[in-house]
file query21.txt (compact mmCIF, C-alpha atoms and all ligand atoms)
# COMPACT_ATOMS: atom_id res chain seq x y z
CA MET A 1 129.06 26.71 125.23
CA ARG A 2 129.18 29.64 127.61
CA GLU A 3 126.00 29.99 129.64
CA THR A 4 125.31 33.63 128.95
CA THR A 5 122.88 35.59 131.07
CA ASP A 6 122.28 38.11 128.32
CA LYS A 7 118.54 38.45 128.64
CA ARG A 8 118.24 41.04 125.92
CA HIS A 9 119.04 38.70 123.11
CA GLY A 10 118.07 35.35 124.55
CA GLN A 11 118.67 32.11 122.76
CA GLU A 12 119.55 33.80 119.48
CA THR A 13 122.51 35.51 121.12
CA ARG A 14 123.57 32.35 122.91
CA THR A 15 123.65 30.52 119.60
CA LYS A 16 125.40 33.34 117.75
CA TYR A 17 128.11 33.78 120.35
CA GLY A 18 128.45 30.09 120.93
CA ASN A 19 129.30 29.87 117.26
CA ARG A 20 131.58 32.89 117.60
CA GLU A 21 133.43 31.27 120.48
CA ARG A 22 134.07 28.27 118.26
CA GLU A 23 135.16 30.63 115.47
CA ILE A 24 137.67 32.33 117.75
CA TYR A 25 138.90 29.43 119.78
CA GLY A 26 137.98 26.31 117.86
CA ASN A 27 135.93 23.49 119.28
CA SER A 28 138.19 22.45 122.13
CA SER A 29 136.66 22.80 125.57
CA ILE A 30 139.95 24.23 126.80
CA MET A 31 139.75 27.02 124.31
CA ILE A 32 136.11 27.67 125.04
CA SER A 33 136.88 27.91 128.73
CA SER A 34 139.59 30.40 127.75
CA PHE A 35 136.87 32.48 126.18
CA SER A 36 134.85 32.33 129.39
CA TYR A 37 137.97 33.44 131.21
CA ILE A 38 138.39 36.56 129.13
CA LEU A 39 134.73 37.39 129.54
CA SER A 40 134.87 37.14 133.31
CA ALA A 41 138.19 38.98 133.29
CA THR A 42 136.66 41.85 131.38
CA ARG A 43 134.03 42.37 134.04
CA ASP A 44 136.81 43.42 136.43
CA HIS A 45 139.94 44.34 134.57
CA ARG A 46 141.49 46.17 137.53
CA PRO A 47 144.74 44.55 138.51
CA ARG A 48 144.78 43.35 142.08
CA GLY A 49 145.80 46.02 144.59
CA SER A 50 145.97 48.93 142.18
CA ALA A 51 143.74 51.86 141.43
CA THR A 52 141.11 51.59 138.73
CA VAL A 53 142.65 51.13 135.32
CA GLN A 54 140.93 52.45 132.26
CA ILE A 55 141.72 51.02 128.86
CA ILE A 56 141.52 52.66 125.46
CA SER A 57 142.17 50.58 122.38
CA VAL A 58 142.73 51.74 118.83
CA ILE A 59 141.40 49.21 116.34
CA ASN A 60 140.80 48.94 112.64
CA LEU A 61 141.22 45.80 110.61
CA LYS A 62 142.62 47.85 107.73
CA GLY A 63 146.34 48.62 107.60
CA GLY A 64 147.81 52.08 107.42
CA VAL A 65 144.81 54.07 108.64
CA GLY A 66 146.78 55.75 111.45
CA LYS A 67 146.24 53.41 114.41
CA THR A 68 149.83 53.54 115.64
CA THR A 69 150.20 57.28 115.01
CA ILE A 70 147.03 57.92 116.99
CA ALA A 71 147.76 55.42 119.77
CA LEU A 72 151.23 56.67 120.54
CA ASN A 73 150.51 60.39 120.27
CA LEU A 74 147.28 60.08 122.23
CA ALA A 75 149.09 58.07 124.92
CA ALA A 76 151.86 60.66 125.05
CA THR A 77 149.40 63.56 125.21
CA LEU A 78 147.57 61.95 128.12
CA ALA A 79 150.89 61.21 129.86
CA ASP A 80 152.02 64.82 129.40
CA GLN A 81 148.78 65.86 131.06
CA GLY A 82 149.86 63.97 134.18
CA ARG A 83 148.12 60.62 133.67
CA ARG A 84 150.05 57.44 134.40
CA VAL A 85 149.83 55.93 130.96
CA LEU A 86 151.07 52.64 129.56
CA LEU A 87 151.16 52.12 125.79
CA ILE A 88 150.68 48.49 124.79
CA ASP A 89 151.96 47.52 121.36
CA ALA A 90 149.77 44.54 120.42
CA ASP A 91 150.91 44.58 116.79
CA PRO A 92 153.45 41.92 115.72
CA GLN A 93 154.86 44.56 113.33
CA GLN A 94 156.05 46.30 116.53
CA SER A 95 155.73 49.77 115.02
CA ALA A 96 155.14 51.53 118.34
CA THR A 97 157.95 49.56 120.00
CA GLN A 98 160.35 50.49 117.22
CA TRP A 99 159.32 54.11 117.51
CA ALA A 100 159.98 53.97 121.25
CA GLN A 101 163.41 52.46 120.63
CA GLN A 102 164.53 55.15 118.20
CA GLY A 103 167.71 56.47 119.74
CA PRO A 104 170.04 59.42 119.46
CA ALA A 105 171.73 57.78 116.45
CA ALA A 106 168.57 58.46 114.51
CA GLY A 107 168.59 62.01 115.83
CA GLY A 108 165.68 61.13 118.06
CA ALA A 109 164.96 61.44 121.72
CA LYS A 110 167.09 59.44 124.15
CA PRO A 111 165.58 56.04 124.94
CA GLY A 112 163.46 56.41 128.02
CA ALA A 113 162.70 60.03 127.27
CA LEU A 114 159.14 59.24 126.30
CA PRO A 115 156.44 60.29 128.74
CA MET A 116 155.13 56.72 129.09
CA PRO A 117 156.44 53.15 128.89
CA VAL A 118 155.75 51.16 125.73
CA MET A 119 155.39 47.41 126.17
CA SER A 120 154.98 44.82 123.45
CA LEU A 121 152.26 42.24 124.00
CA ARG A 122 150.87 39.84 121.41
CA ALA A 123 147.10 39.62 121.58
CA ASP A 124 147.04 36.57 119.30
CA ASP A 125 148.87 34.46 121.89
CA GLY A 126 145.45 34.06 123.49
CA ALA A 127 143.15 36.16 125.57
CA PRO A 128 144.06 34.81 129.03
CA GLN A 129 147.77 35.32 128.43
CA PHE A 130 147.08 38.82 127.18
CA LYS A 131 145.04 39.71 130.26
CA THR A 132 147.58 38.23 132.69
CA ALA A 133 150.56 39.95 131.06
CA LEU A 134 148.65 43.21 130.82
CA ASP A 135 147.92 43.08 134.55
CA GLN A 136 151.63 42.61 135.26
CA PHE A 137 152.66 45.49 133.00
CA VAL A 138 150.02 47.73 134.55
CA GLN A 139 151.22 46.95 138.05
CA ALA A 140 154.89 47.42 137.14
CA ALA A 141 154.15 50.77 135.51
CA GLN A 142 151.64 51.78 138.20
CA ALA A 143 149.51 52.82 135.26
CA THR A 144 145.97 54.10 135.57
CA LEU A 145 145.41 54.45 131.85
CA VAL A 146 146.30 51.96 129.13
CA VAL A 147 146.32 52.63 125.41
CA ILE A 148 146.43 49.54 123.19
CA ASP A 149 147.67 49.78 119.61
CA SER A 150 146.22 46.80 117.77
CA PRO A 151 147.28 45.06 114.57
CA PRO A 152 145.49 45.21 111.22
CA GLU A 153 143.86 42.29 109.43
CA LEU A 154 143.52 39.89 112.34
CA SER A 155 140.14 40.40 113.89
CA ASP A 156 140.72 38.31 117.03
CA PRO A 157 143.34 40.59 118.64
CA ALA A 158 141.01 43.50 117.96
CA LEU A 159 138.20 41.62 119.73
CA VAL A 160 140.45 40.79 122.68
CA ALA A 161 141.44 44.47 122.95
CA ALA A 162 137.81 45.57 122.67
CA LEU A 163 136.70 43.10 125.33
CA LEU A 164 139.11 44.71 127.79
CA SER A 165 138.51 48.31 126.82
CA ASP A 166 136.42 51.12 128.20
CA VAL A 167 136.68 53.06 124.96
CA VAL A 168 137.50 51.81 121.47
CA LEU A 169 138.80 54.36 118.98
CA VAL A 170 138.35 53.48 115.32
CA PRO A 171 140.50 55.61 113.01
CA VAL A 172 138.86 56.11 109.64
CA THR A 173 140.55 57.64 106.64
CA PRO A 174 138.52 59.62 104.12
CA SER A 175 138.37 56.91 101.49
CA PRO A 176 135.15 55.15 100.55
CA LEU A 177 137.07 51.87 100.49
CA ASP A 178 138.09 52.35 104.12
CA LEU A 179 134.55 52.82 105.36
CA TRP A 180 133.83 49.12 105.01
CA ALA A 181 136.87 48.29 107.16
CA ALA A 182 135.70 50.84 109.71
CA GLN A 183 132.28 49.23 109.76
CA GLN A 184 133.96 45.88 110.50
CA ALA A 185 135.92 47.42 113.37
CA VAL A 186 132.77 49.00 114.78
CA GLU A 187 131.01 45.64 114.58
CA THR A 188 133.92 43.98 116.40
CA ALA A 189 133.66 46.52 119.21
CA ARG A 190 129.88 46.14 119.33
CA GLU A 191 130.33 42.38 119.52
CA ALA A 192 132.58 42.87 122.54
CA ARG A 193 129.94 45.15 124.06
CA THR A 194 127.22 42.55 123.60
CA LEU A 195 129.43 39.86 125.09
CA ARG A 196 129.95 42.07 128.15
CA ASP A 197 127.32 44.23 129.77
CA GLY A 198 125.85 45.93 126.71
CA VAL A 199 127.45 49.23 127.72
CA LYS A 200 131.24 48.97 127.36
CA PRO A 201 133.28 49.48 125.34
CA LEU A 202 132.10 52.86 124.13
CA ILE A 203 133.11 53.52 120.54
CA SER A 204 134.40 56.71 118.92
CA LEU A 205 135.22 57.13 115.25
CA VAL A 206 138.38 59.15 114.67
CA PRO A 207 138.70 60.82 111.26
CA SER A 208 142.32 60.14 110.35
CA LYS A 209 144.83 61.42 107.77
CA LEU A 210 142.44 64.14 106.73
CA VAL A 211 143.57 66.24 103.79
CA PRO A 212 141.97 69.67 104.29
CA HIS A 213 139.90 71.30 101.59
CA THR A 214 139.19 68.08 99.74
CA VAL A 215 135.80 66.73 98.86
CA LEU A 216 136.63 63.46 100.63
CA ALA A 217 137.48 65.21 103.90
CA ARG A 218 134.36 67.35 103.60
CA ASP A 219 132.11 64.35 103.02
CA LEU A 220 133.64 62.12 105.69
CA PRO A 221 131.54 63.30 108.67
CA ALA A 222 128.33 62.47 106.81
CA ALA A 223 129.67 59.07 105.80
CA LEU A 224 130.78 58.36 109.38
CA ALA A 225 127.43 59.42 110.78
CA ALA A 226 125.95 56.40 109.02
CA LEU A 227 128.04 54.16 111.29
CA GLY A 228 125.98 55.39 114.23
CA GLU A 229 128.76 56.11 116.71
CA PRO A 230 130.13 59.41 118.09
CA ILE A 231 132.76 61.13 115.99
CA ALA A 232 135.92 62.33 117.73
CA PRO A 233 137.94 65.38 116.68
CA GLY A 234 139.92 64.42 113.58
CA ILE A 235 143.64 64.15 112.90
CA THR A 236 144.84 65.93 109.77
CA GLN A 237 147.50 64.48 107.50
CA ARG A 238 150.65 66.40 108.42
CA VAL A 239 154.33 65.94 107.68
CA ALA A 240 155.18 66.91 111.27
CA LEU A 241 153.59 63.67 112.51
CA ILE A 242 155.81 61.60 110.23
CA GLU A 243 158.91 63.63 111.13
CA ALA A 244 158.24 63.14 114.83
CA ILE A 245 157.95 59.37 114.38
CA VAL A 246 161.16 59.21 112.33
CA LEU A 247 162.94 60.91 115.24
CA GLY A 248 161.33 58.62 117.81
CA GLN A 249 159.52 61.56 119.36
CA THR A 250 155.97 62.40 120.22
CA ILE A 251 154.34 65.23 118.34
CA ARG A 252 154.30 67.25 121.56
CA ALA A 253 158.05 66.79 122.03
CA TYR A 254 158.74 67.57 118.39
CA ALA A 255 156.38 70.50 117.89
CA LYS A 256 154.50 71.31 121.06
CA THR A 257 152.64 74.31 119.71
CA SER A 258 151.87 72.79 116.30
CA PRO A 259 148.35 72.32 114.95
CA ALA A 260 149.03 68.57 114.99
CA ALA A 261 149.74 68.64 118.74
CA ALA A 262 146.57 70.69 119.24
CA GLU A 263 144.55 68.05 117.41
CA PHE A 264 145.84 65.38 119.77
CA THR A 265 144.96 67.58 122.75
CA ALA A 266 141.41 67.75 121.39
CA LEU A 267 141.33 63.98 120.84
CA ALA A 268 142.60 63.40 124.39
CA ARG A 269 139.88 65.68 125.76
CA HIS A 270 137.22 63.79 123.81
CA THR A 271 138.56 60.42 124.97
CA LEU A 272 138.70 61.46 128.64
CA ARG A 273 135.14 62.75 128.41
CA ARG A 274 134.04 59.38 127.08
CA LEU A 275 135.88 57.58 129.87
CA THR A 276 133.92 59.46 132.48
CA ARG A 277 130.53 58.62 131.00
N1 LIG A 301 147.88 62.16 110.42
C1 LIG A 301 148.89 61.70 109.69
N2 LIG A 301 149.63 62.56 108.93
C2 LIG A 301 150.65 62.10 108.15
N3 LIG A 301 151.00 60.82 108.06
C3 LIG A 301 150.30 59.93 108.79
C4 LIG A 301 149.24 60.31 109.64
N4 LIG A 301 148.75 59.20 110.24
C5 LIG A 301 149.49 58.19 109.80
N5 LIG A 301 150.41 58.62 108.92
C6 LIG A 301 151.39 57.81 108.19
O1 LIG A 301 150.67 56.78 107.50
C7 LIG A 301 151.36 55.54 107.62
C8 LIG A 301 150.48 54.55 108.37
O2 LIG A 301 150.24 55.08 109.67
P1 LIG A 301 150.20 54.13 110.95
O3 LIG A 301 151.39 53.27 110.96
O4 LIG A 301 149.93 55.01 112.10
O5 LIG A 301 148.91 53.29 110.56
P2 LIG A 301 148.45 51.91 111.18
O6 LIG A 301 146.99 51.87 111.03
O7 LIG A 301 149.01 51.73 112.53
O8 LIG A 301 149.14 50.89 110.20
P3 LIG A 301 149.25 49.29 110.43
O9 LIG A 301 147.86 48.79 110.19
O10 LIG A 301 150.22 48.84 109.38
O11 LIG A 301 149.69 49.07 111.83
C9 LIG A 301 152.66 55.84 108.35
O12 LIG A 301 153.65 56.09 107.39
C10 LIG A 301 152.36 57.12 109.11
O13 LIG A 301 153.51 57.89 109.34
MG MG A 302 150.17 50.19 113.37

call {"tool": "encode", "arguments": {"input": "query21.txt", "output": "structure tokens", "more": "lines below"}}
Ligand SMILES: Nc1ncnc2c1ncn2[C@@H]1O[C@H](COP(=O)(O)OP(=O)(O)OP(=O)(O)O)[C@@H](O)[C@H]1O
Ligand SMILES: [Mg+2]
result
Amino acid sequence: MRETTDKRHGQETRTKYGNREREIYGNSSIMISSFSYILSATRDHRPRGSATVQIISVINLKGGVGKTTIALNLAATLADQGRRVLLIDADPQQSATQWAQQGPAAGGAKPGALPMPVMSLRADDGAPQFKTALDQFVQAAQATLVVIDSPPELSDPALVAALLSDVVLVPVTPSPLDLWAAQQAVETAREARTLRDGVKPLISLVPSKLVPHTVLARDLPAALAALGEPIAPGITQRVALIEAIVLGQTIRAYAKTSPAAAEFTALARHTLRRLTR
């Protein structure tokens, strides 16, 4: 079992996370040492010889809550603002990768016309492999900011992403059923925080697919407040976001002055503020 130095939680934490290590990696000592590897890696996730890299991951164990839509448009918004961004598609469904590969035949932007590279990287291949490959992608792209789009359902990739991240964004749709999934995602990120230094990753809840003027949208902030984490500016449900994805474009390329693009500017501002805290 990993010899943790977490003094805040003492033996109880050692036992809990010893069990968690076994849950994630099984009982083999090789796998447990893998877990130690990812923990030490997270304490310095800057690739050798490059500037500081900051990592934002978008996690929610529930499908269809807007993770990919948020990850790719947030990444693109930050890239358009002059940041050197890399979007990592950690979802085996490859939604972000497919979006990036939409070509002129689909009426979309030319391949390569996106403001940031999109690289596919399976988080369930194991934490050390993920970290090593991520370092290589970051160096190749000379990226200073990474956005990770994570898969639904599997909690381990979400934990791996959270362990590496400075900020975890948890999209939450205004459905009571989705709040439980959001709670799970928040707990995953908090688990990563406890396993690290007790400070990172920071967590922000992102109201997602909001339908204006509905009771559910109105009540969401109060429901989210119960999760005890800061609430980011929300993303409204808009056809323009779907149209942009169909065309393989970012919302800023498709409709730069749209309310949807403005919402992503606000989300980018919130996220950058959190990165500097
Ligand atoms: N703000 C929005 N407005 C309109 N449609 C949206 C919005 N956000 C997401 N969608 C649509 O909802 C569906 C699910 O969105 P998305 O793929 O981003 O979710 P996800 O959480 O990444 O899903 P998965 O868990 O399957 O990866 C897609 O059809 C997407 O176009
Ligand atoms: Mg997705």

call {"tool": "closest_residue", "arguments": {"input": "query21.txt", "among": "A:Leu241, A:Ala100, A:Ala266, A:Ile56", "to": "A:Leu202", "atoms": "only C-alpha atoms"}}
result
A:Ile56

call {"tool": "residues_near_point", "arguments": {"input": "query21.txt", "point": "(156.3, 63.3, 125.6)", "cutoff": "10 Å", "atoms": "all atoms listed in the file", "output": "list in words"}}
result
Leu72, Asn73, Ala75, Ala76, Thr77, Leu78, Ala79, Asp80, Gln81, Ala109, Ala113, Leu114, Pro115, Met116, Gln249, Thr250, Ile251, Arg252, Ala253, Tyr254 and Lys256 of chain A

call {"tool": "residues_near_ligand", "arguments": {"input": "query21.txt", "ligand": "ligand MG 302 (chain A)", "cutoff": "7 Å", "atoms": "only C-alpha atoms and all ligand atoms", "output": "short mmCIF file (atom, residue, chain, number, x, y, z; two decimals) with C-alpha atoms, keeping the file's coordinate frame"}}
result
data_model
loop_
_atom_site.label_atom_id
_atom_site.label_comp_id
_atom_site.auth_asym_id
_atom_site.auth_seq_id
_atom_site.Cartn_x
_atom_site.Cartn_y
_atom_site.Cartn_z
CA GLY A 64 147.81 52.08 107.42
CA GLY A 66 146.78 55.75 111.45
CA LYS A 67 146.24 53.41 114.41
CA THR A 68 149.83 53.54 115.64
CA ASP A 91 150.91 44.58 116.79
CA SER A 95 155.73 49.77 115.02
CA ASP A 149 147.67 49.78 119.61
CA SER A 150 146.22 46.80 117.77
CA PRO A 151 147.28 45.06 114.57
#

call {"tool": "closest_residue", "arguments": {"input": "query21.txt", "among": "A:Arg218, A:Arg273, A:Lys209, A:Arg190", "to": "ligand LIG 301 (chain A)", "atoms": "only C-alpha atoms and all ligand atoms"}}
result
A:Lys209

call {"tool": "residues_around", "arguments": {"input": "query21.txt", "residues": "A:Phe264", "least_positions_apart": "3", "cutoff": "8 Å", "atoms": "only C-alpha atoms", "output": "list in words"}}
result
Asn73, Leu74, Thr77, Ile235, Ala260, Ala261, Leu267 and Ala268 of chain A

call {"tool": "atom_distance", "arguments": {"input": "query21.txt", "atom1": "atom CA of A:Pro212", "atom2": "atom CA of A:Pro259"}}
result
12.7 Å

call {"tool": "decode", "arguments": {"input": "query21.txt", "residues": "stretch 124-160 of chain A", "atoms": "N, CA and C atoms", "output": "compact mmCIF listing (two decimals), in the first residue's frame"}}
result
# COMPACT_ATOMS: atom_id res chain seq x y z
N ASP A 124 -8.07 4.79 -20.03
CA ASP A 124 -8.23 3.48 -19.39
C ASP A 124 -7.13 2.51 -19.79
N ASP A 125 -6.16 2.95 -20.58
CA ASP A 125 -4.99 2.12 -20.84
C ASP A 125 -4.07 2.08 -19.61
N GLY A 126 -4.32 2.94 -18.65
CA GLY A 126 -3.50 2.98 -17.45
C GLY A 126 -2.93 4.36 -17.25
N ALA A 127 -2.84 4.73 -15.99
CA ALA A 127 -2.41 6.08 -15.66
C ALA A 127 -1.00 6.42 -16.13
N PRO A 128 -0.01 5.53 -15.95
CA PRO A 128 1.35 5.90 -16.38
C PRO A 128 1.42 6.13 -17.89
N GLN A 129 0.78 5.26 -18.65
CA GLN A 129 0.77 5.44 -20.11
C GLN A 129 0.12 6.77 -20.48
N PHE A 130 -0.96 7.09 -19.77
CA PHE A 130 -1.67 8.34 -20.08
C PHE A 130 -0.76 9.54 -19.84
N LYS A 131 -0.08 9.51 -18.69
CA LYS A 131 0.80 10.63 -18.33
C LYS A 131 1.96 10.76 -19.33
N THR A 132 2.56 9.63 -19.67
CA THR A 132 3.71 9.66 -20.60
C THR A 132 3.29 10.18 -21.97
N ALA A 133 2.17 9.65 -22.49
CA ALA A 133 1.71 10.08 -23.81
C ALA A 133 1.29 11.55 -23.77
N LEU A 134 0.67 11.94 -22.68
CA LEU A 134 0.25 13.34 -22.56
C LEU A 134 1.46 14.27 -22.61
N ASP A 135 2.51 13.90 -21.90
CA ASP A 135 3.74 14.70 -21.93
C ASP A 135 4.25 14.86 -23.36
N GLN A 136 4.23 13.75 -24.11
CA GLN A 136 4.74 13.81 -25.49
C GLN A 136 3.86 14.72 -26.36
N PHE A 137 2.57 14.59 -26.21
CA PHE A 137 1.66 15.45 -26.99
C PHE A 137 1.86 16.92 -26.63
N VAL A 138 2.02 17.16 -25.34
CA VAL A 138 2.19 18.55 -24.88
C VAL A 138 3.46 19.14 -25.48
N GLN A 139 4.52 18.35 -25.45
CA GLN A 139 5.79 18.85 -26.00
C GLN A 139 5.68 19.08 -27.50
N ALA A 140 5.05 18.12 -28.21
CA ALA A 140 4.93 18.26 -29.67
C ALA A 140 4.11 19.49 -30.02
N ALA A 141 3.07 19.74 -29.24
CA ALA A 141 2.19 20.88 -29.55
C ALA A 141 2.70 22.17 -28.92
N GLN A 142 3.76 22.07 -28.10
CA GLN A 142 4.24 23.24 -27.35
C GLN A 142 3.07 23.89 -26.59
N ALA A 143 2.23 23.05 -26.05
CA ALA A 143 1.03 23.55 -25.39
C ALA A 143 1.33 24.05 -23.98
N THR A 144 0.61 25.06 -23.56
CA THR A 144 0.71 25.51 -22.17
C THR A 144 -0.61 25.27 -21.42
N LEU A 145 -1.61 24.88 -22.18
CA LEU A 145 -2.91 24.62 -21.59
C LEU A 145 -3.49 23.36 -22.23
N VAL A 146 -3.95 22.44 -21.40
CA VAL A 146 -4.54 21.19 -21.91
C VAL A 146 -5.97 21.12 -21.43
N VAL A 147 -6.87 20.76 -22.34
CA VAL A 147 -8.25 20.49 -21.95
C VAL A 147 -8.51 19.01 -22.24
N ILE A 148 -8.96 18.28 -21.24
CA ILE A 148 -9.22 16.84 -21.40
C ILE A 148 -10.73 16.60 -21.40
N ASP A 149 -11.20 16.00 -22.49
CA ASP A 149 -12.60 15.56 -22.57
C ASP A 149 -12.64 14.10 -22.13
N SER A 150 -13.37 13.81 -21.07
CA SER A 150 -13.32 12.45 -20.52
C SER A 150 -14.60 11.68 -20.84
N PRO A 151 -14.49 10.34 -20.77
CA PRO A 151 -15.65 9.52 -21.13
C PRO A 151 -16.68 9.43 -20.01
N PRO A 152 -17.91 9.05 -20.35
CA PRO A 152 -18.91 8.80 -19.32
C PRO A 152 -18.73 7.41 -18.72
N GLU A 153 -19.47 7.14 -17.71
CA GLU A 153 -19.62 5.80 -17.11
C GLU A 153 -18.39 5.29 -16.38
N LEU A 154 -17.24 5.27 -17.04
CA LEU A 154 -16.07 4.71 -16.38
C LEU A 154 -15.49 5.74 -15.43
N SER A 155 -15.41 5.38 -14.18
CA SER A 155 -14.94 6.37 -13.22
C SER A 155 -13.42 6.48 -13.21
N ASP A 156 -12.70 5.41 -13.59
CA ASP A 156 -11.25 5.47 -13.46
C ASP A 156 -10.60 6.49 -14.40
N PRO A 157 -10.99 6.57 -15.68
CA PRO A 157 -10.44 7.63 -16.52
C PRO A 157 -10.72 9.02 -15.95
N ALA A 158 -11.89 9.19 -15.37
CA ALA A 158 -12.21 10.49 -14.77
C ALA A 158 -11.25 10.77 -13.61
N LEU A 159 -10.94 9.75 -12.82
CA LEU A 159 -10.01 9.94 -11.70
C LEU A 159 -8.60 10.25 -12.21
N VAL A 160 -8.19 9.54 -13.24
CA VAL A 160 -6.86 9.80 -13.83
C VAL A 160 -6.79 11.26 -14.31
